[in-house]
file final.cif (mmCIF, C-alpha atoms and all ligand atoms)
data_structure
loop_
_atom_site.label_atom_id
_atom_site.label_comp_id
_atom_site.auth_asym_id
_atom_site.auth_seq_id
_atom_site.Cartn_x
_atom_site.Cartn_y
_atom_site.Cartn_z
CA MET A 1145 -15.83 -96.25 41.00
CA GLN A 1146 -14.42 -99.13 39.00
CA LYS A 1147 -13.46 -98.17 35.47
CA GLU A 1148 -14.87 -100.52 32.87
CA ALA A 1149 -12.58 -101.99 30.28
CA VAL A 1150 -13.85 -100.39 27.11
CA VAL A 1151 -12.26 -100.99 23.73
CA LYS A 1152 -10.28 -97.92 22.78
CA ILE A 1153 -11.33 -95.88 19.79
CA ARG A 1154 -8.37 -95.84 17.42
CA THR A 1155 -9.91 -94.97 14.06
CA LEU A 1156 -12.89 -93.21 12.55
CA GLU A 1157 -14.45 -96.65 11.97
CA ASP A 1158 -14.08 -97.46 15.68
CA ALA A 1159 -15.87 -94.22 16.50
CA VAL A 1160 -18.69 -95.08 14.10
CA ASP A 1161 -18.93 -98.60 15.59
CA ARG A 1162 -19.13 -97.12 19.09
CA CYS A 1163 -22.04 -94.88 18.06
CA GLN A 1164 -23.83 -97.89 16.63
CA ALA A 1165 -23.12 -100.02 19.69
CA LEU A 1166 -24.63 -97.27 21.86
CA GLY A 1167 -27.68 -97.08 19.63
CA MET A 1168 -26.91 -93.49 18.61
CA ARG A 1169 -28.41 -92.38 15.36
CA LEU A 1170 -25.68 -91.77 12.78
CA SER A 1171 -27.05 -88.92 10.75
CA ARG A 1172 -25.10 -87.48 7.83
CA GLN A 1173 -24.27 -84.43 9.97
CA ARG A 1174 -22.94 -86.57 12.83
CA ARG A 1175 -20.73 -88.43 10.37
CA PHE A 1176 -19.44 -85.08 8.97
CA VAL A 1177 -18.39 -83.97 12.44
CA LEU A 1178 -16.63 -87.27 13.20
CA GLU A 1179 -14.90 -87.33 9.81
CA LEU A 1180 -13.65 -83.79 10.22
CA LEU A 1181 -12.19 -84.44 13.68
CA TRP A 1182 -10.39 -87.55 12.45
CA GLN A 1183 -9.04 -85.72 9.39
CA ALA A 1184 -7.95 -82.65 11.31
CA LYS A 1185 -6.39 -84.45 14.31
CA GLU A 1186 -6.43 -81.10 16.08
CA HIS A 1187 -8.41 -79.61 18.91
CA LEU A 1188 -11.03 -77.36 17.37
CA SER A 1189 -13.81 -75.15 18.66
CA ALA A 1190 -17.39 -75.69 17.54
CA ARG A 1191 -17.07 -72.51 15.50
CA GLU A 1192 -13.96 -73.81 13.68
CA ILE A 1193 -15.66 -77.14 13.02
CA TYR A 1194 -18.67 -75.34 11.59
CA ASP A 1195 -16.47 -73.13 9.39
CA ARG A 1196 -14.37 -76.00 8.05
CA LEU A 1197 -17.36 -78.17 7.21
CA ASN A 1198 -19.01 -75.34 5.35
CA GLN A 1199 -15.76 -74.57 3.50
CA GLN A 1200 -15.78 -78.21 2.38
CA GLY A 1201 -19.26 -77.63 0.99
CA LYS A 1202 -20.98 -79.74 3.64
CA ALA A 1203 -24.30 -78.23 4.55
CA ILE A 1204 -24.64 -78.26 8.32
CA GLY A 1205 -26.14 -75.67 10.64
CA HIS A 1206 -24.64 -74.19 13.79
CA THR A 1207 -27.16 -75.89 16.03
CA SER A 1208 -26.51 -79.25 14.46
CA VAL A 1209 -22.74 -78.88 14.97
CA TYR A 1210 -23.24 -77.99 18.64
CA GLN A 1211 -25.76 -80.77 19.27
CA ASN A 1212 -23.59 -83.41 17.63
CA LEU A 1213 -20.49 -82.32 19.54
CA GLU A 1214 -22.47 -82.47 22.79
CA ALA A 1215 -23.87 -85.92 22.03
CA LEU A 1216 -20.51 -87.36 20.93
CA SER A 1217 -18.52 -85.94 23.84
CA SER A 1218 -21.11 -86.91 26.46
CA GLN A 1219 -20.72 -90.52 25.26
CA ASP A 1220 -16.89 -90.22 25.35
CA ILE A 1221 -16.61 -90.84 21.62
CA ILE A 1222 -14.69 -87.60 21.16
CA GLU A 1223 -12.59 -85.48 23.48
CA CYS A 1224 -13.86 -82.26 25.01
CA ILE A 1225 -11.45 -79.83 26.69
CA GLU A 1226 -12.81 -76.98 28.79
CA ARG A 1227 -10.77 -73.81 28.39
CA SER A 1228 -11.37 -70.37 29.76
CA ASP A 1229 -12.22 -69.16 26.25
CA GLY A 1230 -14.54 -72.06 25.46
CA ARG A 1231 -14.60 -75.73 24.63
CA LEU A 1232 -12.34 -77.54 22.21
CA TYR A 1233 -13.01 -80.91 20.67
CA GLY A 1234 -10.58 -83.61 19.56
CA ASN A 1235 -10.69 -87.05 18.01
CA ILE A 1236 -8.99 -89.03 20.78
CA SER A 1237 -11.38 -89.93 23.58
CA ASP A 1238 -9.22 -92.03 25.91
CA SER A 1239 -6.69 -90.52 28.25
CA HIS A 1240 -3.64 -88.92 26.70
CA SER A 1241 -1.35 -86.01 27.45
CA HIS A 1242 -1.19 -82.57 25.90
CA VAL A 1243 1.60 -80.26 24.85
CA ASN A 1244 0.27 -76.71 25.02
CA CYS A 1245 2.12 -74.39 22.68
CA LEU A 1246 2.10 -70.90 24.19
CA ASP A 1247 3.07 -69.23 20.89
CA THR A 1248 0.21 -70.55 18.85
CA ASN A 1249 -2.28 -71.70 21.50
CA GLN A 1250 -2.23 -75.10 19.83
CA ILE A 1251 -2.73 -78.23 21.89
CA LEU A 1252 -0.85 -81.25 20.59
CA ASP A 1253 -1.71 -84.82 21.60
CA VAL A 1254 1.09 -86.99 22.96
CA ASP A 1255 1.25 -90.39 24.58
CA VAL A 1256 3.43 -90.30 27.65
CA GLU A 1257 4.22 -93.26 29.86
CA LEU A 1258 5.63 -92.42 33.25
CA PRO A 1259 8.18 -94.82 34.72
CA GLU A 1260 6.74 -97.30 37.24
CA PRO A 1261 9.00 -96.13 40.13
CA LEU A 1262 7.64 -92.59 39.76
CA LEU A 1263 4.05 -93.83 39.84
CA ARG A 1264 4.78 -95.92 42.97
CA GLU A 1265 6.36 -92.88 44.59
CA ILE A 1266 3.28 -90.74 43.89
CA GLU A 1267 1.07 -93.51 45.28
CA GLN A 1268 3.13 -93.62 48.44
CA GLN A 1269 3.01 -89.86 48.87
CA THR A 1270 -0.74 -89.63 48.40
CA GLY A 1271 -2.14 -93.03 49.36
CA VAL A 1272 -4.02 -93.09 46.07
CA ARG A 1273 -3.64 -96.03 43.71
CA ILE A 1274 -3.01 -94.54 40.26
CA THR A 1275 -5.13 -96.09 37.52
CA ASP A 1276 -4.91 -93.39 34.90
CA TYR A 1277 -3.20 -90.07 34.21
CA SER A 1278 -2.84 -87.28 31.70
CA ILE A 1279 -0.22 -84.57 31.76
CA ASN A 1280 -0.27 -81.00 30.52
CA PHE A 1281 3.04 -79.68 29.19
CA TYR A 1282 3.47 -75.99 28.37
CA GLY A 1283 6.13 -74.34 26.27
CA TYR A 1284 7.25 -72.39 23.26
CA ARG A 1285 8.00 -73.56 19.74
CA GLN A 1286 11.58 -74.54 19.17
CA LEU A 1287 13.21 -73.42 15.99
CA LYS A 1288 14.31 -76.49 14.09
CA GLU A 1289 17.96 -76.46 13.06
ZN ZN A 1301 -6.31 -84.23 23.09
#

call {"tool": "encode", "arguments": {"input": "final.cif", "output": "structure tokens"}}
result
Amino acid sequence: MQKEAVVKIRTLEDAVDRCQALGMRLSRQRRFVLELLWQAKEHLSAREIYDRLNQQGKAIGHTSVYQNLEALSSQDIIECIERSDGRLYGNISDSHSHVNCLDTNQILDVDVELPEPLLREIEQQTGVRITDYSINFYGYRQLKE
């Protein structure tokens, strides 16, 4: 399958534009969810998103949070990570790498570019032409000096 060249979503405004371009209705609740993910810049569960919005005094029900997360992630406007303990959602929808912190269970976004020779080597080993990749790193917090 050929991947289409889609403009990358880099800001909250880009995400809103993408919704509009797709003809998705931008309800107040949908905007709340998008705004929160772009403010938080973390990977959050639906439960955490619900809690934070309500702490901010934004009236939104459980069902609405779940439905909006489903709609936004199925259109690739937000990120959805499947974990054994449930789904997490993030603001960056295009491919990126993750640093998984084993102390805190946090997942941090990082952009990693592998050197061309390494990519060519992997292609030679597998016979697959690499068009995209994302890497999972795992480790423990380092104490800063
Ligand atoms: Zn991410």

call {"tool": "residues_around", "arguments": {"input": "final.cif", "residues": "Ile1193 (chain A)", "least_positions_apart": "3", "cutoff": "12 Å", "atoms": "all atoms listed in the file", "output": "VMD selection string"}}
result
chain A and resid 1173 to 1174 1176 to 1190 1196 to 1200 1202 1204 to 1210 1212 to 1213 1231 to 1234

call {"tool": "residues_near_ligand", "arguments": {"input": "final.cif", "ligand": "ligand ZN 1301 (chain A)", "cutoff": "7 Å", "atoms": "all atoms listed in the file", "output": "PyMOL selection string"}}
result
chain A and resi 1187+1223+1234+1236+1240-1242+1252-1253

call {"tool": "write_last_selection", "arguments": {"input": "final.cif", "atoms": "C-alpha atoms", "output": "PDB file, keeping the file's coordinate frame"}}
result
ATOM      1  CA  HIS A1187      -8.410 -79.610  18.910  1.00  0.00           C
ATOM      2  CA  GLU A1223     -12.590 -85.480  23.480  1.00  0.00           C
ATOM      3  CA  GLY A1234     -10.580 -83.610  19.560  1.00  0.00           C
ATOM      4  CA  ILE A1236      -8.990 -89.030  20.780  1.00  0.00           C
ATOM      5  CA  HIS A1240      -3.640 -88.920  26.700  1.00  0.00           C
ATOM      6  CA  SER A1241      -1.350 -86.010  27.450  1.00  0.00           C
ATOM      7  CA  HIS A1242      -1.190 -82.570  25.900  1.00  0.00           C
ATOM      8  CA  LEU A1252      -0.850 -81.250  20.590  1.00  0.00           C
ATOM      9  CA  ASP A1253      -1.710 -84.820  21.600  1.00  0.00           C
TER      10      ASP A1253
END

call {"tool": "atom_distance", "arguments": {"input": "final.cif", "atom1": "CA of Arg1154 (chain A)", "atom2": "CA of Asp1238 (chain A)"}}
result
9.3 Å

call {"tool": "residues_around", "arguments": {"input": "final.cif", "residues": "Val1256 (chain A)", "least_positions_apart": "2", "cutoff": "12 Å", "atoms": "all atoms listed in the file", "output": "list in words"}}
result
Ser1239, His1240, Ser1241, His1242, Val1243, Asp1253, Val1254, Leu1258, Pro1259, Asp1276, Tyr1277, Ser1278, Ile1279, Asn1280 and Phe1281 of chain A

call {"tool": "residues_around", "arguments": {"input": "final.cif", "residues": "region 1160-1165 of chain A", "least_positions_apart": "4", "cutoff": "8 Å", "atoms": "only C-alpha atoms", "output": "short mmCIF file (atom, residue, chain, number, x, y, z; two decimals) with C-alpha atoms, keeping the file's coordinate frame"}}
result
data_model
loop_
_atom_site.label_atom_id
_atom_site.label_comp_id
_atom_site.auth_asym_id
_atom_site.auth_seq_id
_atom_site.Cartn_x
_atom_site.Cartn_y
_atom_site.Cartn_z
CA ILE A 1153 -11.33 -95.88 19.79
CA LEU A 1156 -12.89 -93.21 12.55
CA ARG A 1169 -28.41 -92.38 15.36
CA LEU A 1170 -25.68 -91.77 12.78
CA ARG A 1175 -20.73 -88.43 10.37
CA ILE A 1221 -16.61 -90.84 21.62
#

call {"tool": "residues_around", "arguments": {"input": "final.cif", "residues": "Gln1286 (chain A)", "least_positions_apart": "6", "cutoff": "12 Å", "atoms": "only C-alpha atoms", "output": "CSV table (one decimal) with C-alpha atoms, in the coordinates of the input"}}
result
chain,number,residue,atom,x,y,z
A,1245,CYS,CA,2.1,-74.4,22.7
A,1246,LEU,CA,2.1,-70.9,24.2
A,1247,ASP,CA,3.1,-69.2,20.9

call {"tool": "closest_residue", "arguments": {"input": "final.cif", "among": "A:Leu1287, A:Lys1152, A:Asn1249, A:Ser1171", "to": "Asp1229 (chain A)", "atoms": "all atoms listed in the file"}}
result
A:Asn1249

call {"tool": "atom_distance", "arguments": {"input": "final.cif", "atom1": "CA of Ser1228 (chain A)", "atom2": "CA of Glu1214 (chain A)"}}
result
17.8 Å

call {"tool": "atom_distance", "arguments": {"input": "final.cif", "atom1": "CA of Asn1235 (chain A)", "atom2": "CA of Ile1274 (chain A)"}}
result
24.7 Å

call {"tool": "axis_aligned_box", "arguments": {"input": "final.cif", "around": "region 1241-1246 of chain A", "padding_each_side": "4 Å", "output": "JSON"}}
result
{"center_x": 0.4, "center_y": -78.5, "center_z": 25.1, "size_x": 11.5, "size_y": 23.1, "size_z": 12.8}

call {"tool": "closest_residue", "arguments": {"input": "final.cif", "among": "A:Pro1261, A:Ser1218, A:Ser1237, A:Arg1227", "to": "Asp1158 (chain A)", "atoms": "all atoms listed in the file"}}
result
A:Ser1237
